[in-house]
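Beneath this line is the structure, given in C-alpha cells, with notes to follow.
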Amino acid sequence: MNAMIVTSAGDLDWRRVPDPIAGPGDAIVAVRATALNRADLAQRSGNYPPPAGESDVLGLELAGTLTHVPAGDHDFAVGDPVCALVAGGGYAELARVPLGMLMRLPRGWSFVEAAAMPEVYSTAYLNLVLEAELRARERVVIHGGASGVGTAAIQVAKAWGCDVAATAGSAEKTAICLAQGADVAIDYTKQDFAEEIGAVFEGGVDVVLDMVGAEYFGRNLDLLRVGGRLVIIATLSGAKATIDLRELMARRARIVGSTLRNRPLEEKVSLRDALVRDLFPRFEEGTMAPVIDAVVSIGDAEDAHARMRANENAGKIVLVVAPGSDERP
Ligand SMILES: NC(=O)c1ccc[n+]([C@@H]2O[C@H](COP(=O)([O-])OP(=O)(O)OC[C@H]3O[C@@H](n4cnc5c(N)ncnc54)[C@H](OP(=O)(O)O)[C@@H]3O)[C@@H](O)[C@H]2O)c1
C-alpha cells in the first residue's frame with residue numbers, strides 16, 4: 001500500500017510500504033479519508049512518538065470501507081463503511097483498526113465528514129463530560145474555540161445545556177465560535193480574555209478546557225469559582241507554570257491533565273461506546289456536525305500541515321486518500 005511516512009529529515013513522503021497485518025481482533029479498513037490533528041505536527045517534529053506497537057504512519061482518525069473483519073461475535077462485514085479513532089496509521093490506503101474501535105458512519109454522512117469526527121469529538125467528550133463531569137447550566141470556557149477540538153467542545157458544552165465562552169485569535173474565528181453556539185467569543189489578540197469572561201460570568205466559571213498551557217494558567221485558575229475544574233489538554237504556549245496552592249484550595253478546584261492517544265484500548269472502546277450512545281443521535285438528527293475547514297488530496301498534505309502550523313485553519317482539514325470520499329453510503 002501507499003502511506004505517509006515521516007523521513008528522518010522530518011519531510012512527508014507518500015510511498016510504498018508493507019500492508020498492515022491484522023492481529024486477532026483487528027479489522028482492516030481501506031481508507032477513503034483521514035484528517036489532520038495538531039498532534040501530527042508534533043509527531044512529525046519528533047516530539048510525539050506513537051505509543052509502543054502502534055503504526056508510525058501519521059494519522060489519528062479515518063473513514064473508509066472494511067476489507068477484513070475478524071471472526072467473532074459482531075455484526076461488521078467486509079464492504080461496510082466505517083470510521084475510527086486510531087493511535088496511528090490514518091494517512092494510508094489501508095489501516096489496522098481494533099474491532100472495538102470501529103464506528104459505523106452516522107446516517108447520511110460522507111466519508112469526509114466521518115473522517116473529521118473521531119478525534120475531536122472523542123477529545124471534547126472525554127475532557128468535558130468524563131474528566132470535568134460537566135453538568136447542565138454550568139459555565140464553561142473553551143480556549144482555541146475555532147480549532148478542531150474547540151469547535152466540537154463548544155457544540156458538546158451547549159448540547160449539555162451549559163453557558164459557553166470561547167476564545168480565539170481573530171474576528172473570523174470568534175464568528176465561527178459564535179456560529180457553533182458559544183454565548184460569548186473573545187478575540188484574545190484584542191482583549192484580555194480573563195477580564196472579558198470575568199465581566200460576563202460574574203463570580204467565575206465552572207470548567208475551563210485549555211490547550212494553551214503556561215501563558216493562560218494563572219488567568220484560568222483565577223476564573224474558576226468554587227468547585228471549578230481546569231482541564232489541560234495541550235501546552236501550545238509552553239508547559240512550565242507556577243501556582244499559588246492557596247488559590248487552588250480556596251476554590252476547592254481540580255486541575256486535570258489528560259491525553260487520549262496513550263490510553264489503554266479498553267478505555268478508548270468505552271469512549272467509543274459513549275460517543276455512539278450520546279453523540280450519534282445528535283449527528284444523525286443534524287444538530288451536531290464537524291466544522292470542516294478544507295478538504296484536500298493526500299498529495300497536498302504538506303500544504304495542509306503548513307496551514308495548520310500557521311494557525312490558519314478553523315475546524316478540521318480533511319485529507320482525501322481514495323476516490324468516493326464524498327459518497328454518503
Ligand atoms: N490531550 C488530548 O487528548 C488532546 C487530543 C486532541 C487534541 N489535543 C490538543 O488540542 C489542541 C487542538 O487540537 P486541534 O487538532 O483541534 O488543533 P488546531 O485545529 O490546529 O487548533 C489549534 C489552535 O490553537 C490556537 N493556538 C495555537 N498556538 C496558540 C498559542 N500560543 N496561544 C493561544 N492559542 C494558540 C490557534 O488558534 P487561534 O488562531 O485562535 O489562536 C490554533 O488554530 C492541540 O494543541 C492538540 O494537540 C489534545
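Ordering of the C-alpha cells sets the chain letters (A, B, ...); residue numbers start at 1 within each chain; ligands are numbered from 1 in the order shown.
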For ligand 1, return the neighbouring residues as a VMD selection string (distance at most 6 Å; only C-alpha atoms and all ligand atoms). chain A and resid 37 to 39 123 144 146 to 149 168 to 169 211 to 212 233 to 234 236 to 237 258 to 260 308 311 313 315
- Write out as JSON, numbers by chain each polymer residue whose atoms come within 12 Å of Val31 of chain A, counting only C-alpha atoms; drop sequence neighbours fewer than 2 positions from it. {"A": [1, 2, 3, 28, 29, 33, 34, 35, 59, 61, 62, 63, 64, 65, 66, 67, 79, 80, 81, 82, 83, 84, 89, 90, 91, 92, 93, 94, 95, 96, 97, 111, 112, 114, 115, 298, 319, 320, 321, 322, 323, 324, 325]}
Keeping only C-alpha atoms, write the selected residues to a file as a compact mmCIF listing (two decimals), in the first residue's frame.
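And here's again.txt as it stands now:
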```txt
# COMPACT_ATOMS: atom_id res chain seq x y z
CA MET A 1 0.00 0.00 0.00
CA ASN A 2 0.94 3.67 -0.05
CA ALA A 3 1.26 5.52 3.23
CA ILE A 28 -8.52 -3.68 8.11
CA VAL A 29 -10.03 -0.56 6.56
CA ALA A 33 -10.38 9.98 4.01
CA THR A 34 -8.34 10.91 7.06
CA ALA A 35 -7.89 14.24 8.85
CA GLY A 59 -2.95 9.91 11.19
CA GLU A 61 -8.57 9.07 12.52
CA LEU A 62 -10.02 7.71 9.32
CA ALA A 63 -13.11 6.71 7.38
CA GLY A 64 -13.36 4.01 4.71
CA THR A 65 -14.65 0.54 3.99
CA LEU A 66 -13.82 -2.74 5.67
CA THR A 67 -11.60 -5.15 3.71
CA GLY A 79 -17.50 -3.71 2.49
CA ASP A 80 -19.20 -1.89 5.40
CA PRO A 81 -18.48 1.85 5.63
CA VAL A 82 -16.84 2.69 8.97
CA CYS A 83 -14.84 5.35 10.75
CA ALA A 84 -12.47 5.15 13.70
CA GLY A 89 -1.79 4.85 10.60
CA GLY A 90 -4.60 7.03 9.21
CA TYR A 91 -2.63 8.65 6.36
CA ALA A 92 -2.57 5.38 4.41
CA GLU A 93 -4.50 3.35 1.87
CA LEU A 94 -5.05 0.57 4.42
CA ALA A 95 -5.21 0.78 8.20
CA ARG A 96 -5.42 -1.71 11.04
CA VAL A 97 -8.23 -0.92 13.48
CA PHE A 111 -16.59 9.59 4.42
CA VAL A 112 -15.13 13.13 4.53
CA ALA A 114 -16.89 10.92 9.20
CA ALA A 115 -13.10 11.27 8.97
CA ILE A 298 -3.37 13.43 0.48
CA LEU A 319 -7.26 14.60 3.51
CA VAL A 320 -8.79 12.59 0.68
CA VAL A 321 -6.98 9.27 0.27
CA ALA A 322 -9.15 7.43 -2.28
CA PRO A 323 -12.00 8.22 -4.70
CA GLY A 324 -15.54 8.18 -3.35
CA SER A 325 -14.74 10.09 -0.18
```
Expressed in Å, the length from atom CA of Val231 of chain A to atom CA of Arg137 of chain A is 18.2 Å
- Query: Residues of segment 97-324 of chain A in strand (DSSP E) according to DSSP, as a PyMOL selection string?
  - Reply: chain A and resi 97-98+103-104+139-142+163-168+184-187+205-210+224-232+254-257+292-297+316-320
Give me, as a ChimeraX atom specification, all polymer residues having an atom no more than 7 Å from segment 217-230 of chain A, counting only C-alpha atoms and skipping those fewer than 5 positions away in the same chain.
/A:132,194,198,203-209,241,251-256
Residues just named, written with N, CA and C atoms as a tab-separated table (two decimals), in the first residue's frame:
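New file result_16.tsv:
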```
chain	number	residue	atom	x	y	z
A	132	ALA	N	-14.18	16.47	33.31
A	132	ALA	CA	-14.70	17.64	34.05
A	132	ALA	C	-16.08	17.38	34.65
A	194	ALA	N	-9.54	37.03	30.30
A	194	ALA	CA	-9.97	36.84	31.69
A	194	ALA	C	-10.86	38.01	32.14
A	198	GLY	N	-14.64	37.33	32.98
A	198	GLY	CA	-14.98	37.67	34.36
A	198	GLY	C	-16.15	38.64	34.42
A	203	GLY	N	-18.51	36.15	39.18
A	203	GLY	CA	-18.40	35.09	40.18
A	203	GLY	C	-17.60	33.90	39.71
A	204	GLY	N	-17.28	33.86	38.42
A	204	GLY	CA	-16.39	32.81	37.93
A	204	GLY	C	-17.08	31.75	37.09
A	205	VAL	N	-16.30	30.78	36.66
A	205	VAL	CA	-16.80	29.72	35.78
A	205	VAL	C	-16.55	28.36	36.43
A	206	ASP	N	-17.22	27.34	35.88
A	206	ASP	CA	-17.10	26.00	36.46
A	206	ASP	C	-16.03	25.16	35.79
A	207	VAL	N	-15.89	25.31	34.48
A	207	VAL	CA	-14.97	24.45	33.75
A	207	VAL	C	-14.20	25.28	32.73
A	208	VAL	N	-12.89	25.04	32.66
A	208	VAL	CA	-12.07	25.63	31.58
A	208	VAL	C	-11.41	24.47	30.84
A	209	LEU	N	-11.59	24.44	29.53
A	209	LEU	CA	-10.89	23.46	28.69
A	209	LEU	C	-9.75	24.21	27.99
A	241	ALA	N	4.58	26.31	34.58
A	241	ALA	CA	3.81	27.38	35.21
A	241	ALA	C	3.92	27.23	36.72
A	251	ARG	N	-10.61	27.60	46.28
A	251	ARG	CA	-11.67	27.33	45.30
A	251	ARG	C	-12.13	25.87	45.34
A	252	ARG	N	-11.46	25.08	46.11
A	252	ARG	CA	-11.69	23.62	46.08
A	252	ARG	C	-11.74	23.15	44.63
A	253	ALA	N	-10.72	23.62	43.90
A	253	ALA	CA	-10.70	23.40	42.45
A	253	ALA	C	-9.91	22.14	42.11
A	254	ARG	N	-10.13	21.64	40.90
A	254	ARG	CA	-9.37	20.49	40.40
A	254	ARG	C	-8.67	20.88	39.11
A	255	ILE	N	-7.41	20.48	39.01
A	255	ILE	CA	-6.69	20.64	37.75
A	255	ILE	C	-6.47	19.23	37.20
A	256	VAL	N	-6.92	19.02	35.98
A	256	VAL	CA	-6.83	17.70	35.37
A	256	VAL	C	-5.95	17.81	34.13
```
Within 6 Å of Val57 of chain A using only C-alpha atoms, minus same-chain residues under 3 positions, as JSON, numbers by chain:
{"A": [4, 5, 88, 89]}
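For the pair atom CA of Thr7 of chain A and atom CA of Glu302 of chain A, the separation is 12.9 Å.
Interatomic distance, atom CA of Ala22 of chain A against atom CA of Met101 of chain A: 13.8 Å.
With only C-alpha atoms as the atoms that count, the minimum distance from Met117 of chain A to the choices A:Leu60, A:Glu131, A:Ala42, A:Arg261 is reached by A:Leu60.
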task: Can you pull out every residue within 10 Å of Pro98 of chain A, counting only C-alpha atoms, but drop anything in the same chain fewer than 4 positions away, and send it as number ranges by chain?
output: A: 22-28, 69-70, 84-86, 102, 265, 269
Print the selection's residues with N, CA and C atoms to a file, as a tab-separated table (two decimals), in the first residue's frame.
```
chain	number	residue	atom	x	y	z
A	22	ALA	N	-3.34	-7.67	10.22
A	22	ALA	CA	-4.39	-7.73	11.25
A	22	ALA	C	-4.03	-8.77	12.29
A	23	GLY	N	-3.99	-8.38	13.55
A	23	GLY	CA	-3.86	-9.36	14.63
A	23	GLY	C	-5.24	-9.90	14.95
A	24	PRO	N	-5.31	-10.86	15.90
A	24	PRO	CA	-6.63	-11.35	16.28
A	24	PRO	C	-7.44	-10.18	16.83
A	25	GLY	N	-8.66	-10.04	16.42
A	25	GLY	CA	-9.48	-8.93	16.92
A	25	GLY	C	-9.30	-7.64	16.15
A	26	ASP	N	-8.52	-7.66	15.08
A	26	ASP	CA	-8.33	-6.45	14.28
A	26	ASP	C	-9.09	-6.51	12.97
A	27	ALA	N	-9.57	-5.35	12.54
A	27	ALA	CA	-10.13	-5.20	11.20
A	27	ALA	C	-9.12	-4.43	10.35
A	28	ILE	N	-9.30	-4.52	9.03
A	28	ILE	CA	-8.52	-3.68	8.11
A	28	ILE	C	-9.51	-2.81	7.34
A	69	VAL	N	-12.52	-8.44	8.34
A	69	VAL	CA	-13.06	-8.40	9.71
A	69	VAL	C	-12.69	-9.70	10.41
A	70	PRO	N	-12.38	-9.64	11.69
A	70	PRO	CA	-12.01	-10.86	12.40
A	70	PRO	C	-13.23	-11.72	12.66
A	84	ALA	N	-13.12	5.56	12.44
A	84	ALA	CA	-12.47	5.15	13.70
A	84	ALA	C	-11.43	6.17	14.14
A	85	LEU	N	-11.27	6.18	15.46
A	85	LEU	CA	-10.11	6.82	16.10
A	85	LEU	C	-9.01	5.76	16.12
A	86	VAL	N	-7.79	6.11	15.71
A	86	VAL	CA	-6.68	5.16	15.75
A	86	VAL	C	-5.48	5.83	16.43
A	102	LEU	N	-14.21	0.36	15.90
A	102	LEU	CA	-14.97	0.69	14.69
A	102	LEU	C	-16.29	1.37	15.03
A	265	LEU	N	-6.59	0.47	25.40
A	265	LEU	CA	-7.64	0.21	24.41
A	265	LEU	C	-9.02	0.12	25.07
A	269	VAL	N	-12.31	2.07	23.90
A	269	VAL	CA	-13.52	1.38	23.43
A	269	VAL	C	-14.73	1.89	24.21
```
So that I can see what lies close to Thr242 of chain A, please list as a compact mmCIF listing (two decimals) with N, CA and C atoms, in the first residue's frame the residues with an atom at most 12 Å from it, counting only C-alpha atoms and leaving out residues fewer than 2 positions away in the same chain.
```txt
# COMPACT_ATOMS: atom_id res chain seq x y z
N GLY A 213 -1.99 26.36 27.85
CA GLY A 213 -0.96 26.00 28.82
C GLY A 213 -0.42 27.17 29.61
N ALA A 214 0.89 27.25 29.67
CA ALA A 214 1.58 28.14 30.62
C ALA A 214 1.05 29.57 30.59
N GLU A 215 0.92 30.13 29.40
CA GLU A 215 0.55 31.55 29.30
C GLU A 215 -0.84 31.84 29.90
N TYR A 216 -1.71 30.86 29.89
CA TYR A 216 -3.08 31.07 30.37
C TYR A 216 -3.31 30.53 31.77
N PHE A 217 -2.32 29.82 32.32
CA PHE A 217 -2.57 29.04 33.53
C PHE A 217 -3.11 29.89 34.70
N GLY A 218 -2.40 30.98 35.01
CA GLY A 218 -2.80 31.82 36.15
C GLY A 218 -4.20 32.39 35.94
N ARG A 219 -4.45 32.90 34.75
CA ARG A 219 -5.76 33.50 34.48
C ARG A 219 -6.86 32.44 34.47
N LEU A 221 -6.93 29.75 36.31
CA LEU A 221 -7.20 29.42 37.70
C LEU A 221 -8.02 30.53 38.36
N ALA A 239 4.94 24.86 28.79
CA ALA A 239 4.48 23.83 29.73
C ALA A 239 4.82 24.11 31.18
N LYS A 240 5.58 25.14 31.45
CA LYS A 240 6.01 25.37 32.84
C LYS A 240 5.23 26.55 33.43
N ASP A 244 -0.13 29.37 43.03
CA ASP A 244 -0.31 29.61 44.46
C ASP A 244 -1.32 28.57 44.95
N LEU A 245 -0.83 27.59 45.68
CA LEU A 245 -1.69 26.47 46.05
C LEU A 245 -2.88 26.90 46.90
N GLU A 247 -4.79 29.37 46.26
CA GLU A 247 -5.87 29.67 45.31
C GLU A 247 -6.65 28.40 44.96
N LEU A 248 -5.87 27.33 44.79
CA LEU A 248 -6.49 26.04 44.45
C LEU A 248 -7.38 25.55 45.60
```
*asked:* Need to verify the contact set: Ala294 of chain A, 7 Å, only C-alpha atoms, exclusion of same-chain residues closer than 3 positions in sequence. Can you return it as a PyMOL selection string?
replied: chain A and resi 316-318
Would you save the residues of that selection, restricted to N, CA and C atoms, as a compact mmCIF listing (two decimals), in the first residue's frame?
```txt
# COMPACT_ATOMS: atom_id res chain seq x y z
N LYS A 316 -11.66 21.41 10.99
CA LYS A 316 -10.84 20.28 10.53
C LYS A 316 -10.36 20.41 9.09
N ILE A 317 -9.13 19.97 8.87
CA ILE A 317 -8.64 19.80 7.50
C ILE A 317 -8.68 18.30 7.20
N VAL A 318 -9.43 17.95 6.16
CA VAL A 318 -9.61 16.54 5.80
C VAL A 318 -8.73 16.23 4.60
```
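Shortest separation to Val295 of chain A among A:Glu195, A:Asp326, A:Asp75, A:Glu312 occurs at residue A:Asp326, atoms counted being only C-alpha atoms.
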The residue from A:Ile232, A:Ala116, A:Leu130, A:Leu178 with the smallest atom-to-atom distance to Glu267 of chain A, counting only C-alpha atoms, is A:Leu130
